[in-house]
Each structure stands twice: as structure tokens, then as C-alpha cells.
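The data block below is run04.tsv; it holds TSV, C-alpha atoms.
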```
chain	number	residue	atom	x	y	z
V	1	MET	CA	0.00	0.00	0.00
V	2	THR	CA	1.54	3.30	-1.06
V	3	PRO	CA	0.57	6.72	0.24
V	4	ASN	CA	-0.89	7.58	-3.19
V	5	ASP	CA	-3.28	4.66	-3.40
V	6	GLY	CA	-6.11	7.00	-2.50
V	7	LEU	CA	-5.64	8.69	-5.87
V	8	LEU	CA	-6.45	5.55	-7.80
V	9	SER	CA	-9.97	4.97	-6.62
V	10	ASP	CA	-12.71	6.51	-4.51
V	11	ILE	CA	-12.29	3.75	-1.92
V	12	ASP	CA	-9.23	4.39	0.23
V	13	PRO	CA	-8.86	1.62	2.84
V	14	ASP	CA	-6.80	3.91	5.03
V	15	ALA	CA	-9.52	6.51	4.97
V	16	VAL	CA	-12.34	4.27	6.18
V	17	GLU	CA	-11.87	5.21	9.80
V	18	LEU	CA	-11.38	8.85	8.99
V	19	THR	CA	-14.48	8.84	6.79
V	20	SER	CA	-16.51	7.16	9.49
V	21	ALA	CA	-15.34	9.68	12.08
V	22	LEU	CA	-16.14	12.57	9.73
V	23	ARG	CA	-19.64	11.24	9.16
V	24	ASN	CA	-20.25	10.85	12.86
V	25	SER	CA	-18.94	14.27	13.71
V	26	SER	CA	-20.67	16.18	10.94
V	27	GLY	CA	-24.07	14.75	11.71
V	28	PRO	CA	-26.99	14.17	9.36
V	29	VAL	CA	-28.53	16.61	6.93
V	30	PRO	CA	-31.58	17.93	8.79
V	31	ASP	CA	-34.00	17.54	5.91
V	32	ASP	CA	-36.73	16.57	8.37
V	33	LEU	CA	-36.74	20.24	9.39
V	34	VAL	CA	-38.11	21.13	5.99
V	35	ASP	CA	-41.84	21.00	5.30
V	36	TRP	CA	-41.50	19.42	1.87
V	37	SER	CA	-45.18	19.75	0.93
V	38	ALA	CA	-45.07	23.47	1.61
V	39	PHE	CA	-41.75	23.67	-0.19
V	40	HIS	CA	-43.12	22.07	-3.36
V	41	ALA	CA	-46.29	24.14	-3.25
V	42	ARG	CA	-44.23	27.32	-2.92
V	43	LEU	CA	-41.86	26.20	-5.64
V	44	ALA	CA	-44.72	25.43	-8.02
V	45	MET	CA	-46.12	28.90	-7.42
V	46	HIS	CA	-42.79	30.60	-8.05
V	47	ALA	CA	-42.17	28.47	-11.13
V	48	GLU	CA	-45.41	29.52	-12.84
V	49	LEU	CA	-43.94	32.50	-14.67
V	50	SER	CA	-40.89	30.57	-15.86
V	51	LEU	CA	-43.08	27.69	-17.04
V	52	ALA	CA	-45.34	30.14	-18.86
V	53	ARG	CA	-42.28	31.57	-20.60
V	54	LEU	CA	-41.32	28.06	-21.71
V	55	ARG	CA	-44.88	27.41	-22.95
V	56	HIS	CA	-45.00	30.68	-24.89
V	57	PRO	CA	-41.43	31.52	-25.82
V	58	GLY	CA	-42.44	34.39	-28.13
V	59	VAL	CA	-44.40	36.29	-25.50
V	60	VAL	CA	-43.22	38.50	-22.68
V	61	VAL	CA	-45.18	40.02	-19.83
V	62	ALA	CA	-45.10	43.78	-19.62
V	63	PRO	CA	-44.18	44.39	-15.98
V	64	ARG	CA	-46.39	47.40	-15.24
V	65	GLN	CA	-49.55	46.72	-17.16
V	66	GLY	CA	-49.50	42.98	-16.39
V	67	ARG	CA	-50.63	42.17	-19.91
V	68	THR	CA	-48.84	40.09	-22.49
V	69	LEU	CA	-47.28	41.58	-25.57
V	70	PRO	CA	-45.77	39.92	-28.60
V	71	LEU	CA	-42.03	39.78	-28.33
V	72	GLY	CA	-40.28	42.60	-30.16
V	73	ARG	CA	-43.32	44.90	-30.34
V	74	HIS	CA	-43.52	46.17	-26.81
V	75	ALA	CA	-42.11	49.56	-26.02
V	76	ALA	CA	-39.65	49.87	-23.18
V	77	PRO	CA	-41.75	50.97	-20.21
V	78	VAL	CA	-38.88	52.49	-18.28
V	79	THR	CA	-37.95	56.16	-18.52
V	80	ARG	CA	-34.46	56.91	-19.63
V	81	ALA	CA	-32.01	59.47	-18.33
V	82	TRP	CA	-30.89	62.22	-20.72
V	83	TRP	CA	-27.43	60.75	-21.15
V	84	GLU	CA	-28.95	57.50	-22.31
V	85	HIS	CA	-30.82	59.35	-25.02
V	86	ALA	CA	-27.65	61.26	-25.87
V	87	ALA	CA	-25.68	58.04	-26.05
V	88	ARG	CA	-28.37	56.46	-28.20
V	89	TRP	CA	-28.50	59.35	-30.68
V	90	SER	CA	-24.87	60.47	-30.53
V	91	ARG	CA	-23.72	58.24	-33.38
V	92	THR	CA	-26.49	59.46	-35.69
V	93	VAL	CA	-26.03	63.07	-34.70
V	94	VAL	CA	-22.26	63.00	-35.10
V	95	GLY	CA	-22.53	61.26	-38.47
V	96	SER	CA	-25.12	63.73	-39.71
V	97	ALA	CA	-23.07	66.66	-38.45
V	98	ILE	CA	-19.97	65.45	-40.29
V	99	ALA	CA	-21.93	64.92	-43.51
V	100	ALA	CA	-23.54	68.35	-43.21
V	101	GLY	CA	-20.15	69.92	-42.53
V	102	ILE	CA	-18.63	68.33	-45.63
V	103	ALA	CA	-21.55	69.51	-47.75
V	104	LEU	CA	-21.28	73.01	-46.32
V	105	VAL	CA	-17.56	73.22	-47.00
V	106	ALA	CA	-18.14	72.06	-50.56
V	107	VAL	CA	-20.83	74.71	-51.08
V	108	ILE	CA	-18.65	77.41	-49.55
V	109	ARG	CA	-15.68	76.43	-51.66
V	110	LEU	CA	-17.70	76.58	-54.87
V	111	THR	CA	-20.17	79.40	-54.32
V	112	PRO	CA	-17.91	82.39	-53.39
V	113	LYS	CA	-15.83	81.94	-56.56
V	114	GLU	CA	-18.91	82.11	-58.74
V	115	MET	CA	-20.25	85.12	-56.90
V	116	SER	CA	-16.96	87.03	-56.92
V	117	ARG	CA	-16.43	86.28	-60.58
V	118	THR	CA	-19.88	87.61	-61.47
V	119	ALA	CA	-19.51	90.60	-59.26
V	120	GLY	CA	-16.07	91.30	-60.75
V	121	ASP	CA	-17.40	91.01	-64.21
V	122	VAL	CA	-20.27	93.39	-63.45
V	123	ALA	CA	-17.87	95.76	-61.76
V	124	SER	CA	-15.49	95.76	-64.73
V	125	VAL	CA	-18.29	96.38	-67.26
V	126	THR	CA	-19.56	99.25	-65.14
V	127	ASP	CA	-16.08	100.70	-64.91
V	128	VAL	CA	-15.57	100.56	-68.66
V	129	GLU	CA	-18.93	102.22	-69.26
V	130	GLN	CA	-18.16	104.96	-66.77
V	131	THR	CA	-14.69	105.57	-68.15
V	132	ARG	CA	-16.04	105.68	-71.65
V	133	ALA	CA	-18.83	108.11	-70.68
V	134	ALA	CA	-16.38	110.33	-68.85
V	135	PHE	CA	-14.00	110.26	-71.80
V	136	GLU	CA	-16.71	111.09	-74.30
V	137	LEU	CA	-18.03	113.87	-72.13
V	138	ALA	CA	-14.62	115.38	-71.71
V	139	VAL	CA	-13.47	115.07	-75.32
V	140	ILE	CA	-16.54	115.50	-77.42
V	141	GLY	CA	-19.05	116.93	-74.91
V	142	ARG	CA	-21.54	114.06	-75.25
V	143	ASP	CA	-23.09	112.36	-72.30
V	144	ARG	CA	-24.96	109.09	-71.97
V	145	ALA	CA	-28.34	110.78	-72.55
V	146	SER	CA	-27.40	111.70	-76.09
V	147	GLN	CA	-26.03	108.34	-77.01
V	148	SER	CA	-29.23	107.17	-78.66
V	149	ASP	CA	-29.32	110.31	-80.81
V	150	ALA	CA	-25.70	109.91	-81.59
V	151	ALA	CA	-26.37	106.47	-82.89
V	152	LEU	CA	-28.93	107.85	-85.40
V	153	MET	CA	-27.23	110.96	-86.64
V	154	PRO	CA	-23.79	112.46	-86.65
V	155	SER	CA	-22.96	114.72	-83.80
V	156	ALA	CA	-22.34	118.44	-84.23
V	157	ALA	CA	-18.67	117.90	-83.97
V	158	ASP	CA	-18.82	115.46	-86.87
V	159	LEU	CA	-20.54	118.07	-89.01
V	160	LEU	CA	-18.15	120.89	-88.30
V	161	ILE	CA	-16.34	122.11	-91.33
V	162	PRO	CA	-13.17	123.85	-90.74
V	163	VAL	CA	-13.90	127.56	-91.44
V	164	GLY	CA	-10.58	128.48	-92.78
V	165	THR	CA	-10.50	125.62	-95.28
V	166	GLY	CA	-13.96	126.19	-96.85
V	167	GLY	CA	-13.72	130.07	-97.02
V	168	ALA	CA	-10.30	130.09	-98.56
V	169	SER	CA	-11.45	127.94	-101.45
V	170	ARG	CA	-14.35	130.26	-102.19
S	1	MET	CA	-31.60	10.74	5.37
S	2	ALA	CA	-28.53	11.69	3.44
S	3	GLY	CA	-25.32	11.62	5.28
S	4	ARG	CA	-26.39	9.66	8.36
S	5	GLY	CA	-24.39	6.56	9.05
S	6	GLY	CA	-22.48	6.92	5.84
S	7	ALA	CA	-25.42	6.10	3.62
S	8	ALA	CA	-24.09	6.69	0.15
S	9	ALA	CA	-26.06	8.99	-2.09
S	10	PRO	CA	-27.40	7.39	-5.24
S	11	VAL	CA	-25.19	7.67	-8.27
S	12	LEU	CA	-26.18	10.44	-10.67
S	13	GLN	CA	-27.49	8.24	-13.42
S	14	ALA	CA	-30.36	9.60	-15.39
S	15	PRO	CA	-33.50	7.52	-14.97
S	16	ASP	CA	-34.87	6.05	-18.15
S	17	ASP	CA	-37.70	8.52	-18.40
S	18	GLU	CA	-35.67	11.58	-17.43
S	19	GLN	CA	-35.00	12.76	-20.97
S	20	GLY	CA	-38.72	12.77	-21.71
S	21	LEU	CA	-39.44	14.46	-18.41
S	22	VAL	CA	-36.94	17.23	-19.04
S	23	GLY	CA	-38.28	17.61	-22.58
S	24	ARG	CA	-41.79	18.11	-21.17
S	25	VAL	CA	-40.52	20.70	-18.70
S	26	GLN	CA	-38.79	22.48	-21.58
S	27	ARG	CA	-42.22	22.81	-23.16
S	28	GLY	CA	-43.58	24.28	-19.92
S	29	ASP	CA	-45.36	21.22	-18.51
S	30	ARG	CA	-46.27	21.97	-14.88
S	31	GLU	CA	-46.71	18.34	-13.83
S	32	ALA	CA	-43.38	17.33	-15.30
S	33	PHE	CA	-41.65	20.11	-13.42
S	34	ASN	CA	-43.25	19.06	-10.14
S	35	GLU	CA	-42.06	15.52	-10.71
S	36	LEU	CA	-38.54	16.69	-11.48
S	37	ALA	CA	-38.53	18.84	-8.33
S	38	GLN	CA	-39.78	15.91	-6.22
S	39	ARG	CA	-36.98	13.79	-7.60
S	40	TYR	CA	-34.07	16.15	-6.89
S	41	ALA	CA	-35.11	18.57	-4.12
S	42	ARG	CA	-33.84	16.52	-1.17
S	43	ARG	CA	-30.49	15.76	-2.74
S	44	ALA	CA	-30.08	19.39	-3.72
S	45	PHE	CA	-30.97	20.38	-0.16
S	46	ALA	CA	-28.27	18.03	1.21
S	47	ILE	CA	-25.64	19.61	-1.01
S	48	ALA	CA	-26.70	23.14	-0.19
S	49	TYR	CA	-26.81	22.34	3.52
S	50	ARG	CA	-23.29	20.89	3.47
S	51	ILE	CA	-22.03	24.18	2.11
S	52	LEU	CA	-24.29	26.65	3.90
S	53	ARG	CA	-24.81	24.88	7.24
S	54	GLN	CA	-28.17	26.62	7.68
S	55	PRO	CA	-31.34	24.59	6.90
S	56	GLN	CA	-33.44	27.65	6.12
S	57	ASP	CA	-30.78	29.14	3.84
S	58	ALA	CA	-30.37	25.78	2.12
S	59	GLU	CA	-34.12	25.49	1.55
S	60	ASP	CA	-34.33	28.98	0.06
S	61	LEU	CA	-31.31	28.33	-2.08
S	62	VAL	CA	-32.74	25.10	-3.51
S	63	GLN	CA	-35.91	26.93	-4.45
S	64	ASP	CA	-33.91	29.67	-6.18
S	65	ALA	CA	-31.77	27.07	-7.92
S	66	PHE	CA	-34.87	25.35	-9.34
S	67	ILE	CA	-36.16	28.64	-10.71
S	68	ALA	CA	-32.71	29.47	-12.14
S	69	ALA	CA	-32.56	26.03	-13.76
S	70	LEU	CA	-36.03	26.53	-15.20
S	71	ASP	CA	-35.04	29.89	-16.66
S	72	ALA	CA	-31.96	28.34	-18.28
S	73	LEU	CA	-33.63	25.09	-19.31
S	74	HIS	CA	-34.27	26.20	-22.90
S	75	SER	CA	-30.50	26.01	-23.49
S	76	PHE	CA	-30.09	22.63	-21.76
S	77	ASP	CA	-29.45	19.57	-23.91
S	78	ALA	CA	-32.20	17.17	-22.80
S	79	SER	CA	-30.19	14.17	-23.96
S	80	ARG	CA	-27.69	14.80	-21.13
S	81	PRO	CA	-28.45	13.87	-17.49
S	82	PHE	CA	-30.22	16.63	-15.62
S	83	ALA	CA	-28.82	15.99	-12.12
S	84	PRO	CA	-25.15	17.02	-12.59
S	85	TRP	CA	-26.20	20.15	-14.44
S	86	PHE	CA	-28.71	21.08	-11.76
S	87	PHE	CA	-26.41	20.24	-8.85
S	88	LYS	CA	-23.73	22.40	-10.41
S	89	ILE	CA	-26.18	25.31	-10.20
S	90	VAL	CA	-26.83	24.44	-6.55
S	91	VAL	CA	-23.12	24.25	-5.70
S	92	ASN	CA	-22.24	27.49	-7.48
S	93	ARG	CA	-25.09	29.37	-5.84
S	94	SER	CA	-24.22	27.95	-2.43
S	95	LEU	CA	-20.58	28.96	-2.76
S	96	ASN	CA	-21.66	32.44	-3.86
S	97	ALA	CA	-24.00	32.64	-0.89
S	98	VAL	CA	-21.20	31.65	1.49
S	99	SER	CA	-18.94	34.31	-0.02
S	100	ALA	CA	-21.67	36.93	0.31
S	101	ARG	CA	-22.35	35.88	3.89
S	102	SER	CA	-18.65	36.00	4.75
S	103	THR	CA	-18.46	39.51	3.36
S	104	ARG	CA	-21.57	40.55	5.24
S	105	GLU	CA	-20.60	39.02	8.55
S	106	ARG	CA	-16.86	39.46	8.83
S	107	HIS	CA	-17.03	39.16	12.59
S	108	VAL	CA	-18.26	35.57	12.32
S	109	THR	CA	-15.27	33.30	12.08
S	110	GLU	CA	-15.09	30.22	9.94
S	111	PHE	CA	-15.33	28.10	13.06
S	112	HIS	CA	-18.62	29.65	14.08
S	113	LEU	CA	-20.11	28.96	10.67
S	114	TRP	CA	-19.49	25.30	11.31
S	115	THR	CA	-20.99	25.22	14.77
S	116	ASN	CA	-24.45	23.72	14.68
S	117	ASP	CA	-25.66	22.25	17.93
S	118	ASP	CA	-29.00	21.21	16.44
S	119	VAL	CA	-27.26	18.29	14.79
S	120	ALA	CA	-27.65	15.05	16.71
S	121	THR	CA	-24.88	12.47	16.89
S	122	ASP	CA	-24.49	8.99	18.26
S	123	PHE	CA	-21.57	10.03	20.48
S	124	ASP	CA	-21.52	10.53	24.20
S	125	PRO	CA	-22.45	14.23	24.62
S	126	ALA	CA	-19.42	15.25	26.65
S	127	GLU	CA	-16.91	13.47	24.46
S	128	SER	CA	-18.67	14.11	21.17
S	129	SER	CA	-18.65	17.83	21.80
S	130	GLU	CA	-14.87	17.85	21.93
S	131	ILE	CA	-14.52	15.49	18.97
S	132	ARG	CA	-16.94	17.46	16.88
S	133	THR	CA	-15.16	20.65	17.70
S	134	ARG	CA	-11.82	19.20	16.65
S	135	PHE	CA	-13.21	17.74	13.44
S	136	ARG	CA	-14.89	20.96	12.49
S	137	THR	CA	-11.81	22.97	13.23
S	138	ALA	CA	-9.73	20.60	11.11
S	139	LEU	CA	-12.26	20.68	8.27
S	140	ALA	CA	-12.56	24.45	8.44
S	141	ALA	CA	-8.79	24.74	8.11
S	142	LEU	CA	-8.88	23.00	4.71
S	143	PRO	CA	-9.01	25.03	1.49
S	144	LYS	CA	-12.61	25.70	0.43
S	145	HIS	CA	-12.68	23.25	-2.50
S	146	GLN	CA	-10.97	20.49	-0.53
S	147	ARG	CA	-13.39	20.87	2.34
S	148	LEU	CA	-16.34	20.69	-0.03
S	149	ILE	CA	-14.92	17.64	-1.78
S	150	VAL	CA	-14.35	15.86	1.54
S	151	GLU	CA	-17.89	16.64	2.61
S	152	LEU	CA	-19.48	15.49	-0.63
S	153	SER	CA	-17.29	12.41	-0.86
S	154	ASP	CA	-16.63	11.17	2.66
S	155	ILE	CA	-19.74	12.48	4.35
S	156	ASP	CA	-22.40	12.37	1.62
S	157	GLY	CA	-20.84	9.39	-0.15
S	158	ARG	CA	-20.77	10.86	-3.66
S	159	SER	CA	-18.34	9.56	-6.26
S	160	SER	CA	-15.48	11.63	-7.62
S	161	THR	CA	-17.18	11.62	-11.02
S	162	GLU	CA	-20.30	13.18	-9.56
S	163	ILE	CA	-18.31	15.72	-7.60
S	164	GLY	CA	-16.26	16.56	-10.68
S	165	GLU	CA	-19.41	17.23	-12.65
S	166	MET	CA	-20.80	19.41	-9.87
S	167	LEU	CA	-17.64	21.44	-9.38
S	168	ASP	CA	-16.61	21.43	-13.02
S	169	LEU	CA	-13.35	19.66	-12.22
S	170	PRO	CA	-11.72	16.62	-13.85
S	171	ARG	CA	-12.13	13.38	-11.93
S	172	GLY	CA	-8.39	13.13	-11.32
S	173	THR	CA	-8.30	16.61	-9.82
S	174	VAL	CA	-11.13	15.72	-7.46
S	175	ARG	CA	-9.25	12.63	-6.34
S	176	TRP	CA	-6.05	14.59	-5.85
S	177	HIS	CA	-7.89	17.18	-3.69
S	178	LEU	CA	-9.53	14.37	-1.74
S	179	HIS	CA	-6.20	12.66	-1.16
S	180	GLN	CA	-4.56	15.90	-0.01
S	181	ALA	CA	-7.47	16.74	2.29
S	182	ARG	CA	-7.44	13.29	3.88
S	183	LYS	CA	-3.72	13.56	4.43
S	184	THR	CA	-4.13	16.93	6.17
S	185	LEU	CA	-7.02	15.64	8.26
S	186	ARG	CA	-5.14	12.52	9.31
S	187	VAL	CA	-2.31	14.65	10.66
S	188	ALA	CA	-4.63	17.09	12.40
S	189	LEU	CA	-6.82	14.38	13.91
S	190	ALA	CA	-4.15	11.77	14.64
S	191	PRO	CA	-4.59	11.84	18.45
S	192	LEU	CA	-8.34	11.42	18.16
S	193	LEU	CA	-8.10	8.63	15.63
S	194	GLU	CA	-5.56	6.74	17.77
S	195	ARG	CA	-7.76	7.10	20.83
S	196	SER	CA	-10.80	5.75	19.01
S	197	MET	CA	-8.87	2.67	17.76
```

In C-alpha cells, write the structure found in this file.
Amino acid sequence: MTPNDGLLSDIDPDAVELTSALRNSSGPVPDDLVDWSAFHARLAMHAELSLARLRHPGVVVAPRQGRTLPLGRHAAPVTRAWWEHAARWSRTVVGSAIAAGIALVAVIRLTPKEMSRTAGDVASVTDVEQTRAAFELAVIGRDRASQSDAALMPSAADLLIPVGTGGASR
Amino acid sequence: MAGRGGAAAPVLQAPDDEQGLVGRVQRGDREAFNELAQRYARRAFAIAYRILRQPQDAEDLVQDAFIAALDALHSFDASRPFAPWFFKIVVNRSLNAVSARSTRERHVTEFHLWTNDDVATDFDPAESSEIRTRFRTALAALPKHQRLIVELSDIDGRSSTEIGEMLDLPRGTVRWHLHQARKTLRVALAPLLERSM
């Protein structure tokens, strides 16, 4: 008999006395203290909900109203704190904000160029017109009001005949 | 009565009709559940009592364990024996309850948890009191798993296979713990054992 014989099987001859002493000293399990009829009645009562869940696996009981709802359709009856809402919506909000930001940057990068070009073009046309009007007024004494007439007939300046030239010939 | 006089607990072999019974409970059959509870309640109580040492706590725990088992039964493979799976729930919950109680009542020493004068023995009262005290002190000094294995094996008469299934340990590991625990106990209780020879 080696000291490790107890490892080979559940029955250790050397442990018989020890086992017997342990059994005597530990005493019996006091299961006669339990009212087993009451226990099983209580257990059956507590097990009703779990058994109902097993009978109807697709149905849950709404805790407040006490009525059954199809699984997946019932709304959560509990109120949520603001941070739970924030956490729930944060991903959507952040994603939308990034998309909106990109769109806004794109619009800003395109739109000002168009507007400045148009405005520049308008400004340059206006400048040319003004310069031309000022030049014409200064040189030939014609303003913008007489431009339509000028288009139809020659101006007085065009009709001037040099006096010295014509009189000398006569 | 489990444990008295070394009466060995029945081996955890699934009865022939157990698979059908568990299958019926999985479909929510009330009668089948009552039958299953009748079959295993006392043995579950014995296990819980060995760990908790309080009959009322053990009773409550067995009830909770049945409900927990029922709630998890949809994921249980009905072709496997029910008892080891259920007793594992009982053992885990009992160990958790002991841990919670130890945290709650730090002033209660391990020795006091083992003191239970309601338990009757066949010894002479004066002598048995001293012997019981020594045995309990020696058992309480063992590591938690070894103490539980000694109780389930040497006191309740369960096999190392059963205990391994309950504690989620290989059979060899259970035997090693049992061997180590017996060795420790033999040394601690040597004077008592010699006197009784």
C-alpha cells in the first residue's frame, strides 16, 4: 500500500476510519426540518412564470400593465435618463453633423468663386462704361443721354467744317 | 436521510424517463416540473446544507436554484443527465451565498459557521462535543474546495465523477484534492483517531 493509493480509486482503505469519524462528527442533513409539501407548493407557485415563458417563448409580460405583448413589439416601459438618449442618438447626430459639414464646405468652396467672378465682371463692365462716358463727355461733350441720338445721326462735332478751309477755297 | 451513518447517495445516473421528463418541462409542462422537483429537491438540499450549514438558507437556495434552472432550461441539452447540471447550479449558488455571507458578517469566524448544535450524533455528549469541535476545526482549516470535496465524498458518499461534474473539475483533480485533504485531516486528527482505535 503506497501513500498515493487513495488517488487511484474513490475507496481508500486507510480513509475508512477517517471517513466514518467525519460522518459521525458532521451529523446528518436535517432535511426533516423542511416541510416538503409546503416547499413544493411554494416552488410550483414561483415556477409559474418561468413555465409560462417556456410554454410561450415568443411572448413576454409587460411588468407594469400585467398584460402580455408579442415579443419585439412592446415599447420599453422604463424612462431613460438624458445621457442614455444622448448616447443612443450620438452616433447618428455625429454622423449627420460630419456629412452636413462636408456639404457646407463644398458649397462654400464653390459658391464664393462664382459670386466674386460675377460681381467682378459686373464691376469691370460698369467701370468701362463709366470711363467711356467720362472720356466722351470730356473730349466730345456728349453724355450718356445723347447716345441714342448719336447712334442715329452724326454729332455736331462730326458736321463741323473747318472755317478756314472752306472760305479760302471760295 | 442523506449523510447519516455513511449512507451513500445514489449515483447520478439519469432515470430512463428523465429525458422525456426534461423535454416536457422544456415545453412548460407543470406536472413534469413538479415531478422533477420531487426527484431532486432533497439531494439538492443536502448539497446546499453541506455548504451553507443553515437549513433555512439551504431550503431557500434550492428553491432559487430550481427557478434558475427553469429559466436556463431552454439552453439545456435534454439528452444529457439533468442531475449534474442542476447540482452544479446548486453548488455554485451555495458557494456564492457563502462568499456573500462571509463579506456581510466578517465578525463571524469560519469556526462559528461550522458550529451547529441542532445536529444530533451517536456520540456521548461530553466526548462528542470535543470530537466534533476538533473535526470541524480541522475541516474548516482546509481550502474551500478540498473541504467541499471531503464533505461530498466522505460524508455524503458521492463519487469523484459526480463531484467533478458538480464542481466542473476533472475526476483526477477531485481525487487529488480528496487525497490531499485526507492527508491533512489525518495529521490534524491523529490523536483522536488513535484514541478511538

Would you kindly report the residues of chain V within 6 Å of chain S, using only C-alpha atoms, as a list in words?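 Matching residues, ligands excluded from the count: Gly6, Leu7, Thr19, Arg23, Ser25, Gly27, Pro28, Val29, Ser50, Leu51, Leu54 and Arg55 of chain V.
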
Between CA of Glu17 (chain V) and CA of Ala141 (chain S) - distance in Å to one decimal: 19.8 Å

Expressed in Å, the length from CA of Pro143 (chain S) to CA of Ala181 (chain S) is 8.5 Å

Go ahead and compute the interatomic distance for CA of Leu142 (chain S) and CA of Thr184 (chain S), in Å to one decimal. 7.8 Å
